[in-house]
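Structure file target.txt; described as compact mmCIF, C-alpha atoms.
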```
# COMPACT_ATOMS: atom_id res chain seq x y z
CA MET A 1226 -32.18 -19.02 13.20
CA ARG A 1227 -28.48 -19.33 12.52
CA GLU A 1228 -29.13 -20.41 8.91
CA THR A 1229 -31.32 -17.32 8.41
CA PHE A 1230 -28.55 -15.12 9.83
CA MET A 1231 -25.88 -16.64 7.62
CA LYS A 1232 -28.09 -16.32 4.54
CA MET A 1233 -28.53 -12.65 5.33
CA LYS A 1234 -24.80 -12.19 5.97
CA ARG A 1235 -23.86 -13.86 2.69
CA GLN A 1236 -26.01 -11.35 0.86
CA ASP A 1237 -24.10 -8.53 2.54
CA LEU A 1238 -20.60 -9.93 2.10
CA THR A 1239 -19.98 -8.33 -1.29
CA PRO A 1240 -21.42 -4.83 -0.93
CA THR A 1241 -22.94 -3.55 -4.16
CA HIS A 1242 -21.72 0.00 -3.47
CA ARG A 1243 -18.06 -1.03 -3.70
CA LYS A 1244 -15.96 -1.93 -6.68
CA ARG A 1245 -14.30 -5.30 -6.42
CA PHE A 1246 -10.94 -3.55 -6.48
CA SER A 1247 -9.86 0.03 -5.87
CA ILE A 1248 -6.71 1.62 -4.51
CA GLU A 1249 -6.31 5.24 -3.56
CA THR A 1250 -3.18 7.10 -2.45
CA ILE A 1251 -3.65 8.73 0.96
CA GLU A 1252 -0.19 10.11 1.68
CA ILE A 1253 3.43 9.92 0.45
CA ALA A 1254 6.33 10.64 2.78
CA GLY A 1255 10.09 10.36 3.04
CA TYR A 1256 11.48 12.14 -0.03
CA VAL A 1257 13.37 14.71 2.04
CA SER A 1258 14.96 12.09 4.30
CA ALA A 1259 15.80 9.72 1.42
CA LEU A 1260 17.54 12.43 -0.59
CA MET A 1261 19.46 13.64 2.46
CA ALA A 1262 20.70 10.05 2.92
CA LEU A 1263 21.53 9.54 -0.76
CA ARG A 1264 25.15 10.72 -0.80
CA LEU A 1265 26.14 9.83 2.77
CA PRO A 1266 28.15 6.76 1.62
CA PHE A 1267 30.42 9.15 -0.29
CA GLY A 1268 30.76 11.56 2.65
CA LEU A 1269 28.90 14.22 0.69
CA GLY A 1270 26.01 16.47 1.59
CA CYS A 1271 22.64 16.66 -0.07
CA ARG A 1272 22.53 18.46 -3.43
CA SER A 1273 18.75 18.77 -3.41
CA VAL A 1274 17.21 21.41 -1.18
CA GLY A 1275 14.44 20.33 1.16
CA SER A 1276 12.66 21.32 4.31
CA VAL A 1277 10.04 19.93 6.65
CA ALA A 1278 7.73 22.13 8.70
CA GLU A 1279 5.50 20.83 11.45
CA LYS A 1280 2.83 22.52 13.54
CA HIS A 1281 0.61 20.84 16.08
CA SER A 1282 -1.90 21.87 18.69
CA ASN A 1283 -4.25 20.17 21.12
CA ASP A 1284 -7.15 22.10 22.61
CA GLU A 1285 -10.83 21.68 23.45
CA GLN A 1286 -11.70 21.87 19.75
CA GLY A 1287 -9.56 18.83 19.01
CA ALA A 1288 -6.06 17.90 17.99
CA HIS A 1289 -4.54 19.47 14.90
CA ILE A 1290 -1.31 18.55 13.16
CA GLU A 1291 0.05 20.07 10.01
CA VAL A 1292 3.15 18.67 8.32
CA SER A 1293 4.49 19.92 5.03
CA SER A 1294 7.67 18.98 3.19
CA ILE A 1295 9.20 20.70 0.19
CA MET A 1296 11.99 19.18 -1.88
CA ASP A 1297 13.57 20.75 -4.94
CA ILE A 1298 15.19 17.65 -6.43
CA GLU A 1299 18.48 18.32 -8.16
CA PRO A 1300 18.57 16.54 -11.56
CA LYS A 1301 21.87 14.83 -10.67
CA ASP A 1302 20.29 13.40 -7.51
CA LEU A 1303 17.37 11.98 -9.50
CA HIS A 1304 19.81 10.51 -12.03
CA LEU A 1305 21.91 8.94 -9.24
CA LEU A 1306 18.79 7.47 -7.64
CA SER A 1307 17.72 5.96 -10.97
CA THR A 1308 21.19 4.51 -11.50
CA LEU A 1309 21.21 2.92 -8.03
CA VAL A 1310 17.71 1.51 -8.57
CA LYS A 1311 18.88 -0.24 -11.74
CA ARG A 1312 21.82 -1.76 -9.85
CA GLY A 1313 19.60 -3.50 -7.30
CA ASP A 1314 17.96 -3.20 -3.91
CA GLU A 1315 21.20 -3.22 -1.94
CA HIS A 1316 22.42 -0.12 -3.82
CA ALA A 1317 19.09 1.73 -3.73
CA LYS A 1318 18.29 1.14 -0.06
CA VAL A 1319 17.30 4.79 0.47
CA LEU A 1320 14.11 3.96 -1.48
CA ARG A 1321 12.98 2.04 1.61
CA GLY A 1322 12.47 5.45 3.20
CA ILE A 1323 10.00 6.71 0.60
CA VAL A 1324 6.66 5.32 1.69
CA VAL A 1325 3.12 5.40 0.32
CA TYR A 1326 -0.01 5.02 2.40
CA ALA A 1327 -3.00 3.69 0.46
CA GLN A 1328 -6.61 2.73 1.02
CA ILE A 1329 -7.47 -0.56 -0.69
CA ASP A 1330 -10.80 -2.25 -1.33
CA ALA A 1331 -10.19 -5.83 -2.47
CA PRO A 1332 -11.30 -9.44 -1.97
CA ILE A 1333 -9.73 -11.38 0.88
CA TRP A 1334 -7.91 -13.63 -1.58
CA LEU A 1335 -5.95 -10.67 -2.97
CA TYR A 1336 -4.72 -9.79 0.51
CA ARG A 1337 -3.53 -13.38 0.92
CA GLU A 1338 -1.44 -12.98 -2.23
CA LEU A 1339 -0.18 -9.59 -1.06
CA GLU A 1340 1.29 -11.29 2.02
CA THR A 1341 4.08 -12.49 -0.29
CA TYR A 1342 5.55 -9.01 0.23
CA ARG A 1343 6.38 -8.98 3.93
CA ILE A 1344 9.32 -6.54 3.89
CA GLY A 1345 8.52 -2.92 3.16
CA ARG A 1346 4.76 -3.40 3.49
CA GLU A 1347 2.66 -2.93 6.59
CA ARG A 1348 -1.05 -3.36 7.20
CA LEU A 1349 -2.09 -0.49 9.46
CA SER A 1350 -5.61 -1.82 9.88
CA CYS A 1351 -8.51 -3.46 8.08
CA GLU A 1352 -12.24 -3.89 8.41
CA SER A 1353 -12.96 -6.62 10.94
CA THR A 1354 -15.08 -9.60 9.97
CA MET A 1355 -15.80 -10.15 13.67
CA HIS A 1356 -16.94 -6.60 14.45
CA ILE A 1357 -18.71 -5.91 11.15
CA ASP A 1358 -19.84 -9.11 9.38
CA CYS A 1359 -20.34 -11.25 12.49
CA LYS A 1360 -21.42 -8.52 14.88
CA GLY A 1361 -23.27 -9.78 17.95
CA LEU A 1362 -22.06 -13.37 17.67
CA GLY A 1363 -19.81 -15.24 20.07
CA GLY A 1364 -18.32 -18.62 20.81
CA VAL A 1365 -18.89 -21.47 18.38
CA GLU A 1366 -21.51 -19.48 16.48
CA LEU A 1367 -18.93 -16.78 15.76
CA GLU A 1368 -16.40 -19.34 14.55
CA ARG A 1369 -18.93 -20.94 12.23
CA ALA A 1370 -19.98 -17.57 10.84
CA LYS A 1371 -16.37 -16.64 10.14
CA ASP A 1372 -15.83 -20.04 8.48
CA GLU A 1373 -18.56 -19.22 6.00
CA ILE A 1374 -17.14 -15.87 4.88
CA PRO A 1375 -16.04 -16.39 1.25
CA MET A 1376 -12.58 -15.44 -0.04
CA GLY A 1377 -14.32 -13.09 -2.46
CA HIS A 1378 -15.59 -10.90 0.40
CA ILE A 1379 -14.52 -7.29 -0.12
CA GLN A 1380 -12.56 -5.70 2.73
CA ARG A 1381 -11.14 -2.21 3.12
CA THR A 1382 -7.59 -1.81 4.45
CA ILE A 1383 -5.03 0.92 4.98
CA ASP A 1384 -1.59 -0.31 3.91
CA MET A 1385 1.87 1.21 3.76
CA PHE A 1386 4.40 0.37 1.04
CA SER A 1387 7.99 1.45 0.44
CA TYR A 1388 8.98 2.46 -3.08
CA GLN A 1389 11.43 -0.43 -3.10
CA THR A 1390 8.69 -2.95 -2.35
CA LEU A 1391 6.41 -1.39 -4.96
CA ARG A 1392 9.17 -1.91 -7.52
CA ARG A 1393 9.25 -5.63 -6.65
CA ILE A 1394 5.49 -5.88 -6.91
CA TYR A 1395 5.46 -4.04 -10.23
CA PHE A 1396 7.92 -6.28 -12.04
CA GLN A 1397 6.54 -9.50 -10.57
CA ARG A 1398 2.84 -8.70 -11.15
CA ARG A 1399 2.46 -6.29 -14.10
CA ASP A 1400 1.72 -9.13 -16.55
CA HIS A 1401 -0.17 -11.31 -14.07
CA ARG A 1402 -3.12 -13.39 -15.26
CA LEU A 1403 -5.31 -11.81 -12.59
CA PRO A 1404 -6.62 -8.40 -13.77
CA MET A 1405 -6.54 -6.97 -10.22
CA TRP A 1406 -2.77 -7.23 -10.11
CA ARG A 1407 -2.54 -5.35 -13.39
CA GLU A 1408 -4.81 -2.66 -11.91
CA PHE A 1409 -2.53 -2.52 -8.87
CA CYS A 1410 0.44 -1.94 -11.17
CA ASP A 1411 -1.47 0.76 -13.06
CA TRP A 1412 -1.82 2.58 -9.72
CA ILE A 1413 1.92 2.24 -9.07
CA GLU A 1414 2.59 4.02 -12.37
CA THR A 1415 0.68 7.09 -11.10
CA LEU A 1416 3.02 7.70 -8.14
CA PRO A 1417 5.51 10.62 -8.19
CA PHE A 1418 8.70 9.76 -10.08
CA ALA A 1419 7.47 6.21 -10.63
CA GLN A 1420 9.12 6.14 -14.05
CA GLU A 1421 12.52 7.09 -12.61
CA LEU A 1422 12.40 5.14 -9.33
CA ILE A 1423 9.97 2.22 -9.64
CA THR A 1424 9.15 1.14 -13.19
CA ILE A 1425 12.56 1.88 -14.72
CA GLU A 1426 14.06 -1.14 -16.47
CA LYS A 1427 17.51 -2.44 -15.57
```
Please rewrite the model in this file as structure tokens.
Amino acid sequence: MRETFMKMKRQDLTPTHRKRFSIETIEIAGYVSALMALRLPFGLGCRSVGSVAEKHSNDEQGAHIEVSSIMDIEPKDLHLLSTLVKRGDEHAKVLRGIVVYAQIDAPIWLYRELETYRIGRERLSCESTMHIDCKGLGGVELERAKDEIPMGHIQRTIDMFSYQTLRRIYFQRRDHRLPMWREFCDWIETLPFAQELITIEK
């Protein structure tokens, strides 16, 4: 019976309706705060003009939250940010405050490699092999079923990355032998001001 179950599960482990790799931007936050912090070391105020508006309600129809931020980036601020980025992480630390939330579909082995980047990256959640792929099992049978899940099994995750971490990933992985890493870097290039703040050469 167990062998029949595992044979069935192996057929489902790489769903045909999913690409082996995809990454989609959900949300980007922190530009207003990062630019307000930019000139603090010099005792100067923010040149760029930004605002954040928030509305929230909670009633019988459900919870509703609406957050919008607007930032008119002054060209000199963008130039200063680019200059600091080229000088290194310790100079461009405000980039840690610009964060991207993304939905990723990828094989388990890619997530193992992504664990190299432990600072400035957070896994909010992922599909559970126990609750989805091994549903209904327990004890030793559950352990055995999880042992048989291949590294090529596609999982969906929601991850958060800082711009500073994405810059590290980009320069370390853009010419990687694995095509998925090159696809990851192609996604990085689509982010706002990626050319000025992430992919810019020293």
Query raised in the report: In Å, with one decimal, what is the gap from CA of Ala1278 (chain A) to CA of Ala1259 (chain A)?
Result: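 Going from CA of Ala1278 (chain A) over to CA of Ala1259 (chain A) covers 16.5 Å.
A straight line drawn from CA of Arg1369 (chain A) to CA of Cys1351 (chain A) is 20.8 Å long.
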Query raised in the report: Do you have the CA of Pro1300 (chain A)-CA of Ser1258 (chain A) distance handy?
Result: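 Interatomic distance, CA of Pro1300 (chain A) to CA of Ser1258 (chain A): 16.9 Å.
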Query - Shortest interatomic distance to Thr1390 (chain A) - which of A:Glu1347, A:Asp1302, A:Glu1249, A:Glu1279, counting only C-alpha atoms - result: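 Of all the options, A:Glu1347 lies closest to Thr1390 (chain A).
The closest residue to Gly1345 (chain A), picked from A:Arg1272, A:Lys1311, A:Arg1245, A:Arg1392 and counting only C-alpha atoms, is A:Arg1392.
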Report task. Return the single residue from A:Gly1313, A:Tyr1395, A:Ile1423, A:Tyr1256 that is closest to Asp1411 (chain A), with distances computed using only C-alpha atoms. Result ->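 Between A:Gly1313, A:Tyr1395, A:Ile1423, A:Tyr1256, the residue approaching Asp1411 (chain A) most closely is A:Tyr1395.
Considering all atoms listed in the file, the residue among A:Arg1264, A:Arg1337, A:Lys1244, A:His1401 positioned nearest to His1316 (chain A) is A:Arg1264.
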Report task. Write out as a ChimeraX atom specification which residues come within 12 Å of Leu1367 (chain A) when counting only C-alpha atoms, dropping same-chain ones fewer than 3 positions away. Result -> /A:1227,1230-1231,1354-1364,1370-1374
With only C-alpha atoms counted and 12 Å as the cut-off, give the residues of region 1246-1334 of chain A in contact with region 1405-1409 of chain A, each with its shortest interatomic distance in Å and the pair that gives it, as a Markdown table.
```
| residue | atom | partner | partner_atom | distance |
| --- | --- | --- | --- | --- |
| A:Phe1246 | CA | A:Met1405 | CA | 6.7 |
| A:Ser1247 | CA | A:Glu1408 | CA | 8.3 |
| A:Ile1248 | CA | A:Phe1409 | CA | 7.3 |
| A:Glu1249 | CA | A:Phe1409 | CA | 10.1 |
| A:Thr1250 | CA | A:Phe1409 | CA | 11.6 |
| A:Ala1327 | CA | A:Phe1409 | CA | 11.2 |
| A:Gln1328 | CA | A:Phe1409 | CA | 11.9 |
| A:Ile1329 | CA | A:Phe1409 | CA | 9.8 |
| A:Asp1330 | CA | A:Met1405 | CA | 10.9 |
| A:Ala1331 | CA | A:Met1405 | CA | 8.6 |
| A:Pro1332 | CA | A:Met1405 | CA | 9.8 |
| A:Trp1334 | CA | A:Met1405 | CA | 11.0 |
```
Find the residues near His1304 (chain A): any atom within 10 Å, counting all atoms listed in the file, skip ones fewer than 5 places away on the same chain, and give them as a PDB file with C-alpha atoms, keeping the file's coordinate frame.
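And here's out-v3.pdb as it stands now:
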```pdb
ATOM      1  CA  GLU A1299      18.480  18.320  -8.160  1.00  0.00           C
ATOM      2  CA  LEU A1309      21.210   2.920  -8.030  1.00  0.00           C
ATOM      3  CA  VAL A1310      17.710   1.510  -8.570  1.00  0.00           C
ATOM      4  CA  GLU A1421      12.520   7.090 -12.610  1.00  0.00           C
ATOM      5  CA  LEU A1422      12.400   5.140  -9.330  1.00  0.00           C
TER       6      LEU A1422
END
```
Report task. Could you tell me which of A:Thr1382, A:Ser1307, A:Ser1350, A:Gln1389 comes closest to Ile1425 (chain A) if we count all atoms listed in the file? Result ->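 Result for the nearest residue to Ile1425 (chain A): A:Ser1307.
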Axis-aligned box for all listed atoms of region 1301-1307 of chain A, 3 Å per side, centre and edges in Å to one decimal, as lines of an AutoDock Vina configuration file:
```
center_x = 19.6
center_y = 10.4
center_z = -9.8
size_x = 10.5
size_y = 14.9
size_z = 10.5
```
Query - Pick from A:Val1277, A:Val1325, A:Val1365, A:Ile1295, whichever lies nearest to Ile1383 (chain A) using only C-alpha atoms - result: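 The closest residue to Ile1383 (chain A) is A:Val1325.
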As a PDB file with C-alpha atoms, in the coordinates of the input, please: the residues near region 1290-1292 of chain A (cut-off 12 Å, all atoms listed in the file, same-chain neighbours under 6 positions excluded).
```
ATOM      1  CA  GLU A1252      -0.190  10.110   1.680  1.00  0.00           C
ATOM      2  CA  ILE A1253       3.430   9.920   0.450  1.00  0.00           C
ATOM      3  CA  ALA A1254       6.330  10.640   2.780  1.00  0.00           C
ATOM      4  CA  SER A1276      12.660  21.320   4.310  1.00  0.00           C
ATOM      5  CA  VAL A1277      10.040  19.930   6.650  1.00  0.00           C
ATOM      6  CA  ALA A1278       7.730  22.130   8.700  1.00  0.00           C
ATOM      7  CA  GLU A1279       5.500  20.830  11.450  1.00  0.00           C
ATOM      8  CA  LYS A1280       2.830  22.520  13.540  1.00  0.00           C
ATOM      9  CA  HIS A1281       0.610  20.840  16.080  1.00  0.00           C
ATOM     10  CA  SER A1282      -1.900  21.870  18.690  1.00  0.00           C
ATOM     11  CA  ASN A1283      -4.250  20.170  21.120  1.00  0.00           C
ATOM     12  CA  ASP A1284      -7.150  22.100  22.610  1.00  0.00           C
TER      13      ASP A1284
END
```
Please return, as a short mmCIF file (atom, residue, chain, number, x, y, z; two decimals) with C-alpha atoms, in the frame of the given file, all polymer residues that have at least one atom within 9 Å of the point (14.9, 4.3, -1.5); use only C-alpha atoms and the file's own coordinate frame.
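Writing the result to part-v3.cif gives the following:
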```cif
data_model
loop_
_atom_site.label_atom_id
_atom_site.label_comp_id
_atom_site.auth_asym_id
_atom_site.auth_seq_id
_atom_site.Cartn_x
_atom_site.Cartn_y
_atom_site.Cartn_z
CA GLY A 1255 10.09 10.36 3.04
CA TYR A 1256 11.48 12.14 -0.03
CA ALA A 1259 15.80 9.72 1.42
CA LEU A 1260 17.54 12.43 -0.59
CA LEU A 1263 21.53 9.54 -0.76
CA LEU A 1306 18.79 7.47 -7.64
CA VAL A 1310 17.71 1.51 -8.57
CA ASP A 1314 17.96 -3.20 -3.91
CA ALA A 1317 19.09 1.73 -3.73
CA LYS A 1318 18.29 1.14 -0.06
CA VAL A 1319 17.30 4.79 0.47
CA LEU A 1320 14.11 3.96 -1.48
CA ARG A 1321 12.98 2.04 1.61
CA GLY A 1322 12.47 5.45 3.20
CA ILE A 1323 10.00 6.71 0.60
CA VAL A 1324 6.66 5.32 1.69
CA SER A 1387 7.99 1.45 0.44
CA TYR A 1388 8.98 2.46 -3.08
CA GLN A 1389 11.43 -0.43 -3.10
CA LEU A 1422 12.40 5.14 -9.33
#
```
